[in-house]
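Listing of model.cif; format and content: mmCIF, C-alpha atoms.
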```cif
data_query
loop_
_atom_site.group_PDB
_atom_site.id
_atom_site.type_symbol
_atom_site.label_atom_id
_atom_site.label_comp_id
_atom_site.auth_asym_id
_atom_site.auth_seq_id
_atom_site.Cartn_x
_atom_site.Cartn_y
_atom_site.Cartn_z
ATOM 1 C CA MET A 1 0.000 0.000 0.000
ATOM 2 C CA CYS A 2 2.820 2.420 0.881
ATOM 3 C CA VAL A 3 4.502 1.757 -2.458
ATOM 4 C CA LEU A 4 1.259 2.535 -4.308
ATOM 5 C CA VAL A 5 0.828 5.798 -2.394
ATOM 6 C CA ALA A 6 4.460 6.772 -3.058
ATOM 7 C CA PHE A 7 4.117 5.906 -6.754
ATOM 8 C CA THR A 8 0.918 7.981 -6.973
ATOM 9 C CA CYS A 9 2.711 10.927 -5.335
ATOM 10 C CA ALA A 10 5.578 10.617 -7.826
ATOM 11 C CA CYS A 11 3.161 10.522 -10.778
ATOM 12 C CA VAL A 12 1.356 13.619 -9.450
ATOM 13 C CA ALA A 13 4.732 15.354 -9.030
ATOM 14 C CA VAL A 14 5.602 14.538 -12.655
ATOM 15 C CA LEU A 15 2.302 16.065 -13.821
ATOM 16 C CA ARG A 16 2.788 19.170 -11.701
ATOM 17 C CA GLY A 17 6.329 19.523 -13.027
ATOM 18 C CA ALA A 18 5.047 19.167 -16.592
ATOM 19 C CA ARG A 19 2.747 22.141 -16.061
ATOM 20 C CA ARG A 20 5.673 24.441 -15.249
ATOM 21 C CA ARG A 21 6.561 26.628 -18.181
ATOM 22 C CA GLY A 22 9.874 27.918 -16.910
ATOM 23 C CA THR A 23 10.663 31.057 -15.013
ATOM 24 C CA GLY A 24 11.293 33.387 -17.918
ATOM 25 C CA ARG A 25 14.680 34.306 -16.447
ATOM 26 C CA GLY A 26 17.935 34.090 -18.287
ATOM 27 C CA ALA A 27 20.925 32.009 -17.263
ATOM 28 C CA ASP A 28 24.576 31.511 -18.113
ATOM 29 C CA VAL A 29 23.848 28.381 -20.176
ATOM 30 C CA ALA A 30 21.089 26.134 -21.420
ATOM 31 C CA ILE A 31 21.682 22.427 -20.816
ATOM 32 C CA VAL A 32 19.995 20.205 -23.385
ATOM 33 C CA LEU A 33 19.459 16.736 -21.957
ATOM 34 C CA GLY A 34 20.329 13.919 -24.318
ATOM 35 C CA ALA A 35 17.817 11.708 -26.100
ATOM 36 C CA ALA A 36 17.732 9.170 -28.891
ATOM 37 C CA VAL A 37 19.226 9.792 -32.306
ATOM 38 C CA GLN A 38 18.410 8.116 -35.595
ATOM 39 C CA GLY A 39 21.638 7.841 -37.527
ATOM 40 C CA ALA A 40 22.954 11.381 -37.902
ATOM 41 C CA GLU A 41 19.641 13.053 -36.990
ATOM 42 C CA PRO A 42 17.993 13.690 -33.610
ATOM 43 C CA SER A 43 14.771 11.852 -32.810
ATOM 44 C CA GLN A 44 11.594 13.967 -32.665
ATOM 45 C CA VAL A 45 11.946 14.176 -28.894
ATOM 46 C CA PHE A 46 15.556 15.328 -29.118
ATOM 47 C CA ALA A 47 14.860 17.753 -31.961
ATOM 48 C CA GLY A 48 12.187 19.403 -29.814
ATOM 49 C CA ARG A 49 14.681 19.877 -26.990
ATOM 50 C CA ILE A 50 17.326 21.303 -29.330
ATOM 51 C CA GLU A 51 14.834 23.684 -30.961
ATOM 52 C CA GLN A 52 13.757 24.968 -27.524
ATOM 53 C CA ALA A 53 17.386 25.648 -26.589
ATOM 54 C CA VAL A 54 17.933 27.464 -29.880
ATOM 55 C CA ARG A 55 14.889 29.658 -29.088
ATOM 56 C CA LEU A 56 16.427 30.483 -25.698
ATOM 57 C CA TYR A 57 19.716 31.374 -27.394
ATOM 58 C CA GLU A 58 18.088 33.471 -30.132
ATOM 59 C CA SER A 59 15.965 35.382 -27.593
ATOM 60 C CA GLY A 60 19.102 36.295 -25.634
ATOM 61 C CA ARG A 61 18.064 34.386 -22.507
ATOM 62 C CA VAL A 62 21.242 32.273 -22.655
ATOM 63 C CA PRO A 63 24.570 33.033 -24.336
ATOM 64 C CA ALA A 64 25.697 29.403 -24.569
ATOM 65 C CA LEU A 65 24.282 25.910 -25.083
ATOM 66 C CA ILE A 66 25.598 22.684 -23.562
ATOM 67 C CA PHE A 67 24.535 19.500 -25.312
ATOM 68 C CA THR A 68 24.650 16.236 -23.399
ATOM 69 C CA GLY A 69 24.494 12.590 -24.333
ATOM 70 C CA GLY A 70 27.094 9.974 -25.030
ATOM 71 C CA ARG A 71 27.555 7.523 -27.849
ATOM 72 C CA PRO A 72 25.107 4.607 -27.741
ATOM 73 C CA MET A 73 26.705 1.238 -28.434
ATOM 74 C CA GLY A 74 27.273 0.848 -32.155
ATOM 75 C CA ALA A 75 26.340 4.453 -32.969
ATOM 76 C CA PRO A 76 28.702 6.448 -35.178
ATOM 77 C CA ARG A 77 28.290 9.683 -33.172
ATOM 78 C CA ALA A 78 27.372 10.778 -29.676
ATOM 79 C CA GLU A 79 23.897 12.205 -29.052
ATOM 80 C CA SER A 80 25.471 15.540 -28.122
ATOM 81 C CA GLU A 81 27.442 15.698 -31.383
ATOM 82 C CA VAL A 82 24.271 15.084 -33.394
ATOM 83 C CA ALA A 83 22.578 17.852 -31.367
ATOM 84 C CA MET A 84 25.383 20.321 -32.071
ATOM 85 C CA SER A 85 25.164 19.624 -35.806
ATOM 86 C CA TYR A 86 21.402 20.167 -35.733
ATOM 87 C CA ALA A 87 21.726 23.422 -33.754
ATOM 88 C CA ARG A 88 24.426 24.602 -36.168
ATOM 89 C CA ARG A 89 22.016 24.046 -39.069
ATOM 90 C CA LEU A 90 19.488 26.155 -37.143
ATOM 91 C CA GLY A 91 21.990 29.019 -37.031
ATOM 92 C CA VAL A 92 23.777 28.713 -33.679
ATOM 93 C CA PRO A 93 27.481 29.584 -34.076
ATOM 94 C CA PRO A 94 30.001 26.933 -32.957
ATOM 95 C CA GLU A 95 31.551 29.244 -30.350
ATOM 96 C CA ALA A 96 28.211 29.357 -28.490
ATOM 97 C CA MET A 97 28.037 25.569 -28.097
ATOM 98 C CA ARG A 98 29.748 22.936 -25.965
ATOM 99 C CA CYS A 99 29.118 19.219 -25.736
ATOM 100 C CA GLU A 100 30.083 16.250 -23.654
ATOM 101 C CA THR A 101 30.162 12.741 -25.062
ATOM 102 C CA ARG A 102 30.382 10.465 -22.000
ATOM 103 C CA SER A 103 27.009 10.600 -20.254
ATOM 104 C CA THR A 104 24.558 7.721 -20.368
ATOM 105 C CA SER A 105 21.675 8.915 -18.153
ATOM 106 C CA THR A 106 19.906 12.055 -16.973
ATOM 107 C CA TRP A 107 22.106 12.078 -13.873
ATOM 108 C CA THR A 108 25.354 11.832 -15.810
ATOM 109 C CA ASN A 109 24.055 14.399 -18.353
ATOM 110 C CA LEU A 110 23.848 16.858 -15.465
ATOM 111 C CA VAL A 111 27.141 15.824 -13.836
ATOM 112 C CA GLU A 112 29.021 16.253 -17.122
ATOM 113 C CA ALA A 113 27.251 19.559 -17.822
ATOM 114 C CA LEU A 114 28.301 20.827 -14.382
ATOM 115 C CA ALA A 115 31.929 20.119 -15.253
ATOM 116 C CA ILE A 116 31.585 22.117 -18.471
ATOM 117 C CA MET A 117 29.860 24.933 -16.574
ATOM 118 C CA ALA A 118 32.740 25.045 -14.091
ATOM 119 C CA ALA A 119 35.259 25.348 -16.933
ATOM 120 C CA MET A 120 33.183 28.214 -18.367
ATOM 121 C CA ASP A 121 32.749 29.933 -14.974
ATOM 122 C CA ALA A 122 28.976 29.561 -15.465
ATOM 123 C CA THR A 123 26.835 29.392 -12.325
ATOM 124 C CA THR A 124 23.227 29.260 -13.584
ATOM 125 C CA ALA A 125 21.486 27.039 -16.101
ATOM 126 C CA VAL A 126 18.206 26.486 -17.863
ATOM 127 C CA ILE A 127 17.561 22.761 -18.228
ATOM 128 C CA VAL A 128 15.841 21.860 -21.488
ATOM 129 C CA SER A 129 13.894 18.649 -21.886
ATOM 130 C CA ASP A 130 10.360 17.517 -22.618
ATOM 131 C CA ALA A 131 7.769 18.493 -20.025
ATOM 132 C CA LEU A 132 7.227 15.094 -18.384
ATOM 133 C CA HIS A 133 10.974 14.538 -17.970
ATOM 134 C CA LEU A 134 11.708 17.917 -16.381
ATOM 135 C CA ARG A 135 10.395 17.123 -12.875
ATOM 136 C CA ARG A 136 12.949 14.341 -12.443
ATOM 137 C CA ALA A 137 15.712 16.379 -14.098
ATOM 138 C CA MET A 138 15.032 19.299 -11.758
ATOM 139 C CA ALA A 139 15.078 16.975 -8.719
ATOM 140 C CA MET A 140 18.473 15.701 -9.833
ATOM 141 C CA ALA A 141 19.747 19.229 -10.467
ATOM 142 C CA GLY A 142 18.688 20.126 -6.919
ATOM 143 C CA ALA A 143 20.542 17.122 -5.525
ATOM 144 C CA LEU A 144 23.633 18.344 -7.380
ATOM 145 C CA SER A 145 23.167 21.884 -5.948
ATOM 146 C CA MET A 146 22.776 23.222 -9.470
ATOM 147 C CA ARG A 147 21.148 26.644 -9.768
ATOM 148 C CA ALA A 148 18.708 25.843 -12.553
ATOM 149 C CA SER A 149 15.276 26.535 -13.957
ATOM 150 C CA PRO A 150 13.263 24.355 -16.369
ATOM 151 C CA SER A 151 12.386 25.027 -19.991
ATOM 152 C CA PRO A 152 10.150 22.411 -21.627
ATOM 153 C CA SER A 153 10.190 21.595 -25.303
ATOM 154 C CA ARG A 154 7.192 23.005 -27.148
ATOM 155 C CA ARG A 155 6.972 20.117 -29.568
ATOM 156 C CA VAL A 156 4.081 17.667 -29.079
ATOM 157 C CA LEU A 157 5.919 14.431 -28.438
ATOM 158 C CA HIS A 158 3.240 11.860 -27.778
ATOM 159 C CA PRO A 159 1.009 10.995 -30.746
ATOM 160 C CA SER A 160 -1.523 9.028 -28.672
ATOM 161 C CA ARG A 161 -2.899 9.059 -25.160
ATOM 162 C CA TRP A 162 -1.448 5.595 -24.600
ATOM 163 C CA THR A 163 2.057 6.775 -25.541
ATOM 164 C CA TRP A 164 1.692 9.805 -23.248
ATOM 165 C CA ALA A 165 0.387 7.670 -20.353
ATOM 166 C CA ARG A 166 3.200 5.152 -20.754
ATOM 167 C CA PHE A 167 5.838 7.885 -20.659
ATOM 168 C CA TRP A 168 4.125 9.581 -17.686
ATOM 169 C CA LEU A 169 4.028 6.327 -15.676
ATOM 170 C CA ARG A 170 7.648 5.583 -16.591
ATOM 171 C CA GLU A 171 8.720 9.025 -15.397
ATOM 172 C CA GLY A 172 6.686 8.561 -12.192
ATOM 173 C CA ALA A 173 8.477 5.286 -11.509
ATOM 174 C CA ALA A 174 11.888 6.818 -12.315
ATOM 175 C CA LEU A 175 11.229 9.796 -10.034
ATOM 176 C CA LEU A 176 10.150 7.499 -7.198
ATOM 177 C CA TYR A 177 13.290 5.404 -7.727
ATOM 178 C CA PHE A 178 15.404 8.553 -7.543
ATOM 179 C CA TRP A 179 13.639 9.777 -4.401
ATOM 180 C CA ILE A 180 14.173 6.467 -2.619
ATOM 181 C CA TRP A 181 17.535 5.135 -3.752
ATOM 182 C CA HIS A 182 19.721 7.645 -5.459
ATOM 183 C CA ARG A 183 19.092 11.096 -4.121
ATOM 184 C CA GLY A 184 22.502 12.711 -4.294
ATOM 185 C CA SER A 185 24.466 9.637 -5.318
ATOM 186 C CA ASP A 186 26.378 9.357 -8.564
ATOM 187 C CA GLY A 187 24.511 6.240 -9.639
ATOM 188 C CA ALA A 188 21.139 7.853 -10.286
ATOM 189 C CA ALA A 189 19.213 7.020 -13.402
#
```
Represent the structure of the file as structure tokens.
Amino acid sequence: MCVLVAFTCACVAVLRGARRRGTGRGADVAIVLGAAVQGAEPSQVFAGRIEQAVRLYESGRVPALIFTGGRPMGAPRAESEVAMSYARRLGVPPEAMRCETRSTSTWTNLVEALAIMAAMDATTAVIVSDALHLRRAMAMAGALSMRASPSPSRRVLHPSRWTWARFWLREGAALLYFWIWHRGSDGAA
């Protein structure tokens, strides 16, 4: 019974997080969390994240973009490298972009981005992801003492209610897992 109540609370937290539209404030960088790629192109989910970061850059809210995501097994390029190429095609100059190629999870996306931020002397970030994923990403950023605000992708990512519900429940379970087992550890998912 306790597990069901905790899972319900996590799912509600994911929904509440998905309703946040960001603070409207600027930051030193935008961190684009990695997602799947299809060959040399970002998936629809990833493209939506990249496009949102480009909007932040073009509006002057952030002067630099950090792309995260390592190289999946057998892939020719890292997720972050694919993202940089896509952002470049959208008009972002190379000097405004950084990427890391080692991360394999949301947690390691943020850990690697923090290292890049430190090298840049950046202290604030806007975290860019899809709306349902941002609640967990923001919880992880808090555990890492990252000064961050959320910025959800505007792209509609779930073509059916079933797809949306499946992703929502998965994020609820992942958030609960983080709350219980990995808050502040370097092994978080």
From the list A:Glu51, A:Glu79, A:Glu100, A:Glu58, which residue is nearest Gln38 in chain A when using all atoms listed in the file? A:Glu79
Residues returned when the PyMOL selection byres ((chain A and resi 116) around 12) runs on this file, as a ChimeraX atom specification: /A:28-31,64-68,97-101,109-115,117-123,125
Can you pull out the residues contacting Arg102 in chain A? Cut-off 8 Å, using all atoms listed in the file, and skip same-chain residues under 4 positions away; I want them as a list in words.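 The contact residues come out as Gly69, Gly70, Arg71 and Glu112 of chain A.
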Written as a PDB file with C-alpha atoms, keeping the file's coordinate frame, what is the full residue list that the PyMOL selection byres ((chain A and resi 126) around 9) yields on the file shown?
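Once everything was written out, this is out00.pdb:
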```pdb
ATOM      1  CA  GLY A  22       9.874  27.918 -16.910  1.00  0.00           C
ATOM      2  CA  ARG A  25      14.680  34.306 -16.447  1.00  0.00           C
ATOM      3  CA  GLY A  26      17.935  34.090 -18.287  1.00  0.00           C
ATOM      4  CA  ALA A  27      20.925  32.009 -17.263  1.00  0.00           C
ATOM      5  CA  ASP A  28      24.576  31.511 -18.113  1.00  0.00           C
ATOM      6  CA  VAL A  29      23.848  28.381 -20.176  1.00  0.00           C
ATOM      7  CA  ALA A  30      21.089  26.134 -21.420  1.00  0.00           C
ATOM      8  CA  ILE A  31      21.682  22.427 -20.816  1.00  0.00           C
ATOM      9  CA  VAL A  32      19.995  20.205 -23.385  1.00  0.00           C
ATOM     10  CA  ALA A  53      17.386  25.648 -26.589  1.00  0.00           C
ATOM     11  CA  LEU A  56      16.427  30.483 -25.698  1.00  0.00           C
ATOM     12  CA  VAL A  62      21.242  32.273 -22.655  1.00  0.00           C
ATOM     13  CA  THR A 124      23.227  29.260 -13.584  1.00  0.00           C
ATOM     14  CA  ALA A 125      21.486  27.039 -16.101  1.00  0.00           C
ATOM     15  CA  ILE A 127      17.561  22.761 -18.228  1.00  0.00           C
ATOM     16  CA  VAL A 128      15.841  21.860 -21.488  1.00  0.00           C
ATOM     17  CA  ARG A 147      21.148  26.644  -9.768  1.00  0.00           C
ATOM     18  CA  ALA A 148      18.708  25.843 -12.553  1.00  0.00           C
ATOM     19  CA  SER A 149      15.276  26.535 -13.957  1.00  0.00           C
ATOM     20  CA  PRO A 150      13.263  24.355 -16.369  1.00  0.00           C
ATOM     21  CA  SER A 151      12.386  25.027 -19.991  1.00  0.00           C
TER      22      SER A 151
END
```
Pick from A:Val37, A:Gly60, A:Pro93, A:Thr163: nearest to Glu81 in chain A, with only C-alpha atoms counted?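 The closest residue to Glu81 in chain A is A:Val37.
The coordinates place CA of Gln52 in chain A at 12.3 Å from CA of Val92 in chain A.
Here CA of Thr106 in chain A is placed at a distance of 28.8 Å from CA of Met1 in chain A.
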When distances are computed from only C-alpha atoms, which of A:Gly34, A:Met84, A:Ala40, A:His133 shows the smallest separation from Pro152 in chain A?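 Using only C-alpha atoms, the shortest distance to Pro152 in chain A belongs to A:His133.
The space between CA of Ala139 in chain A and CA of Gln44 in chain A spans 24.4 Å.
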Counting all atoms listed in the file, the residue of A:Ala47, A:Ala35, A:Arg135, A:Ala78 that sits nearest Phe178 in chain A: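 Among the listed residues, A:Arg135 lies closest to Phe178 in chain A.
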